[in-house]
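Heads up, work.txt below (compact mmCIF, C-alpha atoms):
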```
# COMPACT_ATOMS: atom_id res chain seq x y z
CA MET A 1228 11.13 -12.76 7.99
CA ARG A 1229 8.01 -11.08 9.30
CA GLU A 1230 4.47 -12.27 8.59
CA ILE A 1231 2.12 -9.65 7.15
CA ARG A 1232 -1.48 -9.75 5.97
CA PRO A 1233 -1.79 -11.59 2.61
CA GLY A 1234 -3.74 -8.78 0.94
CA GLU A 1235 -1.34 -6.12 2.19
CA GLY A 1236 1.66 -8.01 0.88
CA TRP A 1237 0.08 -8.85 -2.44
CA ALA A 1238 -0.96 -5.23 -3.09
CA ARG A 1239 2.72 -4.21 -2.98
CA ILE A 1240 3.83 -6.50 -5.78
CA ARG A 1241 4.58 -5.06 -9.21
CA PRO A 1242 4.20 -7.08 -12.41
CA GLU A 1243 7.67 -6.28 -13.71
CA TRP A 1244 9.45 -8.09 -10.88
CA VAL A 1245 11.12 -11.46 -11.33
CA ALA A 1246 9.29 -14.20 -9.44
CA LEU A 1247 10.49 -17.55 -8.12
CA VAL A 1248 7.94 -20.32 -7.73
CA VAL A 1249 8.77 -23.15 -5.34
CA THR A 1250 6.98 -26.49 -5.66
CA MET A 1251 7.38 -29.89 -3.96
CA ASP A 1252 8.05 -33.25 -5.55
CA ASP A 1253 6.14 -35.64 -3.32
CA ARG A 1254 7.88 -38.65 -4.85
CA ASN A 1255 11.28 -37.74 -3.43
CA GLY A 1256 10.43 -34.98 -0.93
CA ARG A 1257 12.58 -32.50 -2.86
CA PRO A 1258 11.47 -28.95 -3.57
CA ASN A 1259 12.07 -27.30 -6.94
CA ILE A 1260 12.32 -23.65 -8.02
CA ILE A 1261 11.34 -22.09 -11.36
CA THR A 1262 11.94 -18.48 -12.38
CA LEU A 1263 8.91 -16.80 -13.92
CA GLY A 1264 8.17 -13.58 -15.71
CA TRP A 1265 4.52 -14.28 -16.50
CA THR A 1266 2.67 -13.48 -13.29
CA MET A 1267 -0.15 -11.10 -12.43
CA HIS A 1268 -2.71 -10.09 -9.85
CA ALA A 1269 -5.91 -12.03 -10.42
CA SER A 1270 -8.04 -11.05 -7.40
CA GLY A 1271 -7.87 -8.46 -4.66
CA ASP A 1272 -10.34 -10.01 -2.20
CA PRO A 1273 -9.43 -12.74 -1.57
CA PRO A 1274 -5.89 -12.08 -2.77
CA MET A 1275 -4.94 -14.36 -5.66
CA ALA A 1276 -1.98 -14.60 -8.02
CA ALA A 1277 -2.04 -15.92 -11.57
CA ILE A 1278 1.12 -17.57 -12.87
CA ALA A 1279 1.68 -19.01 -16.36
CA VAL A 1280 3.90 -22.10 -16.46
CA GLY A 1281 5.06 -23.90 -19.62
CA LYS A 1282 3.42 -27.28 -20.05
CA THR A 1283 6.71 -29.10 -20.58
CA ARG A 1284 8.22 -27.80 -17.34
CA TYR A 1285 8.93 -29.98 -14.32
CA SER A 1286 7.22 -27.32 -12.19
CA HIS A 1287 4.07 -27.73 -14.30
CA GLU A 1288 4.01 -31.41 -13.36
CA LEU A 1289 4.54 -30.66 -9.67
CA LEU A 1290 1.93 -27.87 -9.58
CA THR A 1291 -0.60 -30.19 -11.22
CA GLU A 1292 0.18 -33.00 -8.78
CA THR A 1293 0.35 -31.04 -5.55
CA GLY A 1294 -1.74 -27.87 -6.03
CA GLU A 1295 0.60 -25.86 -3.82
CA PHE A 1296 3.38 -23.34 -4.36
CA VAL A 1297 5.39 -20.60 -2.79
CA LEU A 1298 5.74 -17.38 -4.77
CA ALA A 1299 8.93 -15.56 -3.75
CA TYR A 1300 10.43 -12.29 -4.93
CA PRO A 1301 14.23 -12.52 -4.87
CA ASN A 1302 16.44 -9.78 -3.46
CA SER A 1303 18.99 -8.03 -5.66
CA ARG A 1304 21.80 -10.44 -4.73
CA MET A 1305 19.82 -13.44 -5.97
CA GLY A 1306 20.14 -12.61 -9.68
CA GLU A 1307 22.54 -15.42 -10.54
CA ALA A 1308 20.39 -17.91 -8.67
CA ALA A 1309 17.29 -16.66 -10.49
CA LEU A 1310 19.06 -17.10 -13.82
CA PHE A 1311 20.18 -20.59 -12.82
CA CYS A 1312 16.66 -21.59 -11.76
CA GLY A 1313 15.24 -20.20 -15.01
CA THR A 1314 17.67 -22.04 -17.27
CA HIS A 1315 17.98 -25.50 -15.67
CA SER A 1316 15.42 -28.21 -15.08
CA GLY A 1317 14.72 -29.57 -11.63
CA ARG A 1318 14.43 -32.96 -13.30
CA ASP A 1319 18.23 -32.83 -13.58
CA VAL A 1320 19.44 -30.72 -10.66
CA ASP A 1321 18.50 -29.88 -7.08
CA LYS A 1322 18.24 -26.11 -7.28
CA PHE A 1323 18.41 -25.46 -3.55
CA ALA A 1324 21.64 -27.52 -3.49
CA GLU A 1325 23.12 -25.86 -6.59
CA THR A 1326 22.44 -22.22 -5.62
CA GLU A 1327 22.83 -20.19 -2.46
CA LEU A 1328 19.06 -20.16 -1.99
CA GLU A 1329 18.01 -21.59 1.36
CA PRO A 1330 14.64 -23.14 2.20
CA VAL A 1331 12.60 -22.16 5.26
CA PRO A 1332 9.58 -24.28 6.25
CA ALA A 1333 6.24 -22.73 5.33
CA LYS A 1334 3.17 -22.78 7.55
CA TYR A 1335 0.30 -23.95 5.32
CA VAL A 1336 1.98 -25.57 2.29
CA ARG A 1337 4.72 -28.15 1.82
CA PRO A 1338 7.03 -26.22 -0.55
CA PRO A 1339 9.42 -24.07 1.49
CA LEU A 1340 9.80 -20.31 1.57
CA ILE A 1341 13.10 -18.79 0.38
CA ARG A 1342 15.21 -17.27 3.13
CA GLY A 1343 16.05 -13.61 2.50
CA ALA A 1344 13.61 -13.14 -0.39
CA VAL A 1345 12.04 -9.69 -0.22
CA VAL A 1346 8.54 -11.18 -0.05
CA ASN A 1347 7.28 -14.77 0.17
CA PHE A 1348 3.70 -15.93 -0.36
CA GLU A 1349 2.20 -19.33 0.47
CA CYS A 1350 -0.33 -20.24 -2.24
CA LYS A 1351 -2.90 -22.94 -2.87
CA VAL A 1352 -4.02 -23.61 -6.45
CA VAL A 1353 -7.76 -22.87 -6.69
CA GLY A 1354 -8.16 -22.93 -10.46
CA THR A 1355 -6.39 -23.42 -13.78
CA ALA A 1356 -6.91 -22.38 -17.38
CA ASP A 1357 -5.45 -24.05 -20.41
CA ALA A 1358 -3.47 -21.50 -22.43
CA GLY A 1359 -1.72 -22.87 -25.50
CA ASP A 1360 1.82 -23.83 -24.54
CA HIS A 1361 1.28 -22.81 -20.89
CA THR A 1362 -1.24 -23.38 -18.12
CA VAL A 1363 -2.40 -20.46 -16.00
CA PHE A 1364 -2.53 -21.49 -12.33
CA LEU A 1365 -4.56 -19.36 -9.93
CA GLY A 1366 -3.10 -19.30 -6.44
CA ARG A 1367 -5.06 -18.18 -3.40
CA ILE A 1368 -2.59 -16.43 -1.09
CA LEU A 1369 -2.75 -18.03 2.35
CA ALA A 1370 0.15 -16.25 4.03
CA ALA A 1371 2.67 -13.49 3.24
CA TYR A 1372 6.06 -12.61 4.69
CA GLU A 1373 8.38 -9.65 4.23
CA GLU A 1374 12.10 -9.39 4.94
CA PRO A 1375 12.31 -5.96 6.62
CA GLU A 1376 15.98 -5.42 5.72
CA GLU A 1377 15.58 -6.21 2.00
CA LYS A 1378 14.46 -3.22 -0.08
CA GLU A 1379 16.06 -3.96 -3.46
CA ILE A 1380 14.19 -6.25 -5.77
CA LEU A 1381 15.00 -7.75 -9.18
CA LEU A 1382 13.23 -6.59 -12.31
CA ASN A 1383 11.95 -9.14 -14.77
CA PHE A 1384 14.44 -10.45 -17.28
CA GLY A 1385 14.18 -10.87 -20.98
CA SER A 1386 16.11 -12.47 -23.82
CA THR A 1387 18.46 -11.05 -26.39
CA PRO A 1388 17.68 -11.83 -30.05
CA SER A 1389 20.17 -14.69 -29.79
CA GLY A 1390 18.18 -16.16 -26.90
CA LYS A 1391 20.62 -15.25 -24.12
CA ARG A 1392 18.74 -14.31 -20.96
CA TYR A 1393 19.57 -11.31 -18.85
CA LEU A 1394 18.35 -9.40 -15.85
CA THR A 1395 17.29 -5.85 -16.55
CA GLY A 1396 18.03 -4.29 -13.19
CA ILE A 1397 16.81 -3.67 -9.71
CA THR A 1398 14.18 -1.42 -8.24
CA GLY A 1399 12.91 -0.39 -4.83
CA TYR A 1400 10.47 -2.40 -2.71
CA LYS A 1401 8.14 -0.30 -0.60
CA GLY A 1402 7.41 -2.60 2.30
CA MET B 1085 -1.08 1.57 -38.33
CA ARG B 1086 0.92 -1.33 -39.70
CA GLU B 1087 -0.03 -4.98 -39.30
CA ILE B 1088 2.66 -7.22 -37.85
CA ARG B 1089 2.77 -10.89 -36.93
CA PRO B 1090 0.74 -11.58 -33.74
CA GLY B 1091 3.58 -13.43 -32.00
CA GLU B 1092 6.12 -10.76 -32.90
CA GLY B 1093 3.92 -7.99 -31.53
CA TRP B 1094 3.00 -9.86 -28.39
CA ALA B 1095 6.63 -10.67 -27.55
CA ARG B 1096 7.37 -6.94 -27.37
CA ILE B 1097 4.81 -6.20 -24.65
CA ARG B 1098 5.97 -5.61 -21.08
CA PRO B 1099 3.78 -6.34 -18.08
CA GLU B 1100 4.23 -2.91 -16.48
CA TRP B 1101 2.47 -1.07 -19.33
CA VAL B 1102 -1.04 0.30 -18.99
CA ALA B 1103 -3.51 -1.57 -21.19
CA LEU B 1104 -6.84 -0.54 -22.66
CA VAL B 1105 -9.37 -3.24 -23.40
CA VAL B 1106 -12.10 -2.47 -25.93
CA THR B 1107 -15.30 -4.51 -25.96
CA MET B 1108 -18.60 -4.26 -27.85
CA ASP B 1109 -22.11 -3.96 -26.45
CA ASP B 1110 -24.19 -5.88 -28.98
CA ARG B 1111 -27.42 -4.48 -27.53
CA ASN B 1112 -26.68 -0.92 -28.67
CA GLY B 1113 -23.71 -1.39 -31.01
CA ARG B 1114 -21.55 0.80 -28.80
CA PRO B 1115 -17.96 -0.09 -27.92
CA ASN B 1116 -16.58 0.39 -24.41
CA ILE B 1117 -13.05 0.85 -23.07
CA ILE B 1118 -11.63 -0.24 -19.70
CA THR B 1119 -8.15 0.55 -18.39
CA LEU B 1120 -6.34 -2.46 -16.94
CA GLY B 1121 -3.19 -3.08 -14.98
CA TRP B 1122 -3.66 -6.82 -14.47
CA THR B 1123 -2.52 -8.38 -17.73
CA MET B 1124 0.13 -10.96 -18.62
CA HIS B 1125 1.49 -13.25 -21.28
CA ALA B 1126 -0.22 -16.62 -21.05
CA SER B 1127 1.11 -18.45 -24.12
CA GLY B 1128 3.86 -17.89 -26.67
CA ASP B 1129 2.67 -20.31 -29.38
CA PRO B 1130 -0.08 -19.56 -30.14
CA PRO B 1131 0.23 -16.05 -28.67
CA MET B 1132 -2.30 -15.49 -25.89
CA ALA B 1133 -2.92 -12.73 -23.37
CA ALA B 1134 -4.46 -13.13 -19.93
CA ILE B 1135 -6.44 -10.20 -18.54
CA ALA B 1136 -8.13 -10.00 -15.13
CA VAL B 1137 -11.39 -8.02 -15.10
CA GLY B 1138 -13.47 -7.23 -12.01
CA LYS B 1139 -16.74 -9.13 -11.91
CA THR B 1140 -18.84 -6.02 -11.30
CA ARG B 1141 -17.45 -4.20 -14.34
CA TYR B 1142 -19.48 -3.44 -17.45
CA SER B 1143 -16.56 -4.81 -19.50
CA HIS B 1144 -16.87 -8.12 -17.63
CA GLU B 1145 -20.46 -8.38 -18.82
CA LEU B 1146 -19.51 -7.54 -22.41
CA LEU B 1147 -16.54 -9.92 -22.48
CA THR B 1148 -18.74 -12.72 -21.17
CA GLU B 1149 -21.45 -11.99 -23.73
CA THR B 1150 -19.31 -11.45 -26.81
CA GLY B 1151 -16.01 -13.31 -26.25
CA GLU B 1152 -14.04 -10.70 -28.16
CA PHE B 1153 -11.80 -7.79 -27.26
CA VAL B 1154 -9.14 -5.46 -28.51
CA LEU B 1155 -6.08 -5.02 -26.29
CA ALA B 1156 -4.47 -1.64 -26.98
CA TYR B 1157 -1.40 0.01 -25.47
CA PRO B 1158 -1.92 3.79 -25.30
CA ASN B 1159 0.72 6.27 -26.36
CA SER B 1160 2.13 8.79 -23.89
CA ARG B 1161 -0.43 11.48 -24.80
CA MET B 1162 -3.34 9.20 -23.91
CA GLY B 1163 -2.77 9.32 -20.15
CA GLU B 1164 -5.81 11.43 -19.31
CA ALA B 1165 -8.01 9.25 -21.50
CA ALA B 1166 -6.63 6.12 -19.80
CA LEU B 1167 -7.41 7.62 -16.39
CA PHE B 1168 -10.91 8.55 -17.56
CA CYS B 1169 -11.57 5.05 -18.92
CA GLY B 1170 -10.29 3.52 -15.68
CA THR B 1171 -12.45 5.64 -13.40
CA HIS B 1172 -15.82 5.80 -15.21
CA SER B 1173 -18.28 3.11 -16.14
CA GLY B 1174 -19.34 2.54 -19.72
CA ARG B 1175 -22.82 1.88 -18.32
CA ASP B 1176 -23.00 5.66 -17.79
CA VAL B 1177 -20.80 7.20 -20.47
CA ASP B 1178 -19.66 6.60 -24.04
CA LYS B 1179 -15.90 6.62 -23.58
CA PHE B 1180 -15.03 7.08 -27.24
CA ALA B 1181 -17.32 10.14 -27.24
CA GLU B 1182 -15.99 11.53 -23.95
CA THR B 1183 -12.25 11.17 -24.70
CA GLU B 1184 -10.06 11.95 -27.68
CA LEU B 1185 -9.70 8.22 -28.38
CA GLU B 1186 -10.82 7.30 -31.90
CA PRO B 1187 -12.05 3.89 -33.05
CA VAL B 1188 -10.73 2.16 -36.16
CA PRO B 1189 -12.53 -0.94 -37.49
CA ALA B 1190 -10.78 -4.21 -36.67
CA LYS B 1191 -10.45 -7.12 -39.09
CA TYR B 1192 -11.53 -10.21 -37.14
CA VAL B 1193 -13.47 -8.87 -34.13
CA ARG B 1194 -16.29 -6.36 -33.66
CA PRO B 1195 -14.70 -4.08 -31.03
CA PRO B 1196 -12.62 -1.40 -32.76
CA LEU B 1197 -8.90 -0.75 -32.54
CA ILE B 1198 -7.73 2.57 -31.04
CA ARG B 1199 -6.19 4.96 -33.53
CA GLY B 1200 -2.67 6.02 -32.60
CA ALA B 1201 -2.20 3.43 -29.85
CA VAL B 1202 1.37 2.13 -29.87
CA VAL B 1203 0.18 -1.45 -30.37
CA ASN B 1204 -3.29 -2.95 -30.92
CA PHE B 1205 -4.21 -6.63 -30.70
CA GLU B 1206 -7.41 -8.32 -31.86
CA CYS B 1207 -8.29 -11.09 -29.41
CA LYS B 1208 -10.82 -13.89 -29.13
CA VAL B 1209 -11.63 -15.31 -25.68
CA VAL B 1210 -10.62 -18.98 -25.64
CA GLY B 1211 -10.88 -19.66 -21.91
CA THR B 1212 -11.71 -18.16 -18.54
CA ALA B 1213 -10.88 -18.86 -14.92
CA ASP B 1214 -12.86 -17.74 -11.92
CA ALA B 1215 -10.60 -15.72 -9.60
CA GLY B 1216 -12.30 -14.30 -6.52
CA ASP B 1217 -13.47 -10.77 -7.32
CA HIS B 1218 -12.17 -10.99 -10.91
CA THR B 1219 -12.36 -13.34 -13.88
CA VAL B 1220 -9.24 -14.14 -15.86
CA PHE B 1221 -10.01 -14.09 -19.59
CA LEU B 1222 -7.58 -15.78 -21.97
CA GLY B 1223 -7.41 -14.08 -25.34
CA ARG B 1224 -5.95 -15.73 -28.41
CA ILE B 1225 -4.25 -12.98 -30.43
CA LEU B 1226 -5.61 -13.01 -33.97
CA ALA B 1227 -3.95 -9.89 -35.33
CA ALA B 1228 -1.46 -7.24 -34.20
CA TYR B 1229 -0.75 -3.69 -35.36
CA GLU B 1230 1.98 -1.19 -34.54
CA GLU B 1231 2.00 2.57 -34.98
CA PRO B 1232 5.49 3.16 -36.39
CA GLU B 1233 5.69 6.79 -35.22
CA GLU B 1234 4.70 6.07 -31.61
CA LYS B 1235 7.62 5.02 -29.41
CA GLU B 1236 6.55 6.33 -25.99
CA ILE B 1237 4.26 4.14 -23.96
CA LEU B 1238 2.50 4.59 -20.61
CA LEU B 1239 3.58 2.70 -17.54
CA ASN B 1240 0.99 1.07 -15.35
CA PHE B 1241 -0.65 3.28 -12.78
CA GLY B 1242 -1.33 2.75 -9.13
CA SER B 1243 -3.22 4.36 -6.31
CA THR B 1244 -2.14 6.62 -3.50
CA PRO B 1245 -3.12 5.54 0.04
CA SER B 1246 -6.12 7.88 -0.27
CA GLY B 1247 -7.27 6.00 -3.37
CA LYS B 1248 -6.32 8.67 -5.92
CA ARG B 1249 -5.06 7.08 -9.11
CA TYR B 1250 -1.98 8.23 -10.94
CA LEU B 1251 0.20 7.34 -13.87
CA THR B 1252 3.76 6.48 -12.99
CA GLY B 1253 5.46 7.60 -16.18
CA ILE B 1254 6.36 6.66 -19.69
CA THR B 1255 8.91 4.31 -21.18
CA GLY B 1256 10.24 3.35 -24.58
CA TYR B 1257 8.58 0.92 -26.99
CA LYS B 1258 10.99 -1.09 -29.07
CA GLY B 1259 8.97 -1.79 -32.18
```

Just give me the structure as structure tokens.
Amino acid sequence: MREIRPGEGWARIRPEWVALVVTMDDRNGRPNIITLGWTMHASGDPPMAAIAVGKTRYSHELLTETGEFVLAYPNSRMGEAALFCGTHSGRDVDKFAETELEPVPAKYVRPPLIRGAVVNFECKVVGTADAGDHTVFLGRILAAYEEPEEKEILLNFGSTPSGKRYLTGITGYKG
Amino acid sequence: MREIRPGEGWARIRPEWVALVVTMDDRNGRPNIITLGWTMHASGDPPMAAIAVGKTRYSHELLTETGEFVLAYPNSRMGEAALFCGTHSGRDVDKFAETELEPVPAKYVRPPLIRGAVVNFECKVVGTADAGDHTVFLGRILAAYEEPEEKEILLNFGSTPSGKRYLTGITGYKG
């Protein structure tokens, strides 16, 4: 994992990639992971990410309480873990324990980075907007890290008409 | 152009598509168009879009003043028009006059729909969030329209290292 400039890293991200958001539960010191498809660039200078999180989600609670998150883009071998994190609640399971994802301490925020993710960003919540069944959280990007060996990244996943979720494929990361 | 349910239309949109945002200048009654890459789903029920618009843009001024916009997804023949709208300011040019894009009156908002766009949404701004060099505008989707004959849609465009903008291709719309 190699640290790069936040703006440089953030400019490389594409909106169709699957994102993992790591938060911290201060009550038990346990991090949680949610899989998100609703993310976008919100500012270039300073670099900021916008993420939309459902109001009923455990991660929504933790983001509101702590104001910190890690935004990680999983490599192509992390598809099953991303599906698991997107279909289970951290209220019930410890997602780092139940998947092969491994935490790495971050520098400026308490939630950990994800080892081997193609890119990791440390983010501080600097604003929110109420949006129906979701809240949009704006995260100022404090630090960015690339994994030089990881060039395959997961595309966003959707749902079949029956509600079954799937990953749509992988694409190339130009880091 | 066929009206469909707002939530049904919005669920079909993918984040990697180029978007056109149409606003109205109430001072001269002239609509403007901006090309955006920073858009996302912000709510499923009610359906809401989030769009990030640079603070120096003419469209930022019009969105702030009027609180209304049309979000349109151009068909594959509208690439040059999308590039034009993304690289010129409506303070200087009338983009409907300078491109082949044609306005069609909307039902609930003053900015017009774009004739022949694959999908058009009428949106009312229901919230904003300050985000560095951009503002995130949350648009509640009031109405949605599909063009049944248009199935090819433009992918988001990027910039070369020299700053030249380009379109990355087209993809299929499943309407």

- [ ] Write out as a ChimeraX atom specification each polymer residue whose atoms come within 8 Å of region 1191-1199 of chain B, counting all atoms listed in the file; drop sequence neighbours fewer than 3 positions from it.
- [x] /B:1085,1106-1108,1115,1152-1154,1156,1185-1188,1204-1208,1226-1227

Open item on the list: What does the structure give for the distance between CA of Gly1256 (chain A) and CA of Leu1381 (chain A), in Å to one decimal?
Closed with: 28.8 Å

- [ ] Within 10 Å of (-19.2, -6.4, -18.9) (coordinates as in the file), grab all the protein and nucleic acid residues, counting only C-alpha atoms, and write them out as a VMD selection string.
- [x] chain B and resid 1107 to 1109 1116 1118 1137 to 1150 1173 to 1175

Please, which residues in chain B fall within 7 Å of chain A when counting only C-alpha atoms, and what is the closest atom pair and distance in Å to one decimal for each, ordered by chain then residue number, as a tab-separated table?
```
residue	atom	partner	partner_atom	distance
B:Pro1099	CA	A:Pro1242	CA	5.7
B:Glu1100	CA	A:Glu1243	CA	5.6
B:Trp1122	CA	A:His1268	CA	5.7
B:Thr1123	CA	A:Met1267	CA	6.4
B:Met1124	CA	A:Trp1265	CA	5.9
B:His1125	CA	A:Trp1265	CA	5.8
B:Ala1126	CA	A:Ala1279	CA	5.6
B:Ser1127	CA	A:Gly1359	CA	5.4
B:Gly1128	CA	A:Asp1360	CA	6.6
B:Asp1129	CA	A:Asp1360	CA	6.0
B:Pro1130	CA	A:Gly1359	CA	5.9
B:Ala1136	CA	A:Ala1269	CA	5.6
B:Gly1211	CA	A:Ala1356	CA	6.6
B:Thr1212	CA	A:Ala1356	CA	6.5
B:Ala1213	CA	A:Ala1356	CA	5.8
B:Ala1215	CA	A:Ser1270	CA	5.8
B:Gly1216	CA	A:Ser1270	CA	5.4
B:Asp1217	CA	A:Ser1270	CA	5.4
B:His1218	CA	A:Ser1270	CA	5.4
B:Val1220	CA	A:Ala1269	CA	6.7
```

Task: For CA of His1315 (chain A) and CA of Lys1258 (chain B), the interatomic separation in Å (one decimal) - done: 28.7 Å

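Between CA of Asn1255 (chain A) and CA of Asp1319 (chain A) there is a distance of 13.2 Å.
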
Task: Pick from A:Ile1260, A:Ala1371, A:Val1352, A:Val1345 nearest to Thr1326 (chain A), counting only C-alpha atoms - done: A:Ile1260

Report, as AutoDock Vina command-line options, the centre and edge lengths in Å (one decimal) of the axis-aligned box enclosing every listed atom of region 1239-1254 of chain A, padded by 5 Å on each side.
```
--center_x 6.9 --center_y -21.4 --center_z -8.3 --size_x 18.4 --size_y 44.4 --size_z 20.7
```

- [ ] Quick one: residues within 6 Å of (11.9, -13.4, -13.2) (file frame), counting all atoms listed in the file, please, as a PyMOL selection string.
- [x] chain A and resi 1245-1246+1262-1264+1383-1384

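Using only C-alpha atoms, the shortest contact distance between Glu1325 (chain A) and any of A:Leu1247, A:Phe1311, A:Ala1344, A:Gly1399 is found at A:Phe1311.
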
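The closest residue to Gly1343 (chain A), picked from A:Pro1375, A:Ala1238, A:Glu1307, A:Arg1232 and counting only C-alpha atoms, is A:Pro1375.
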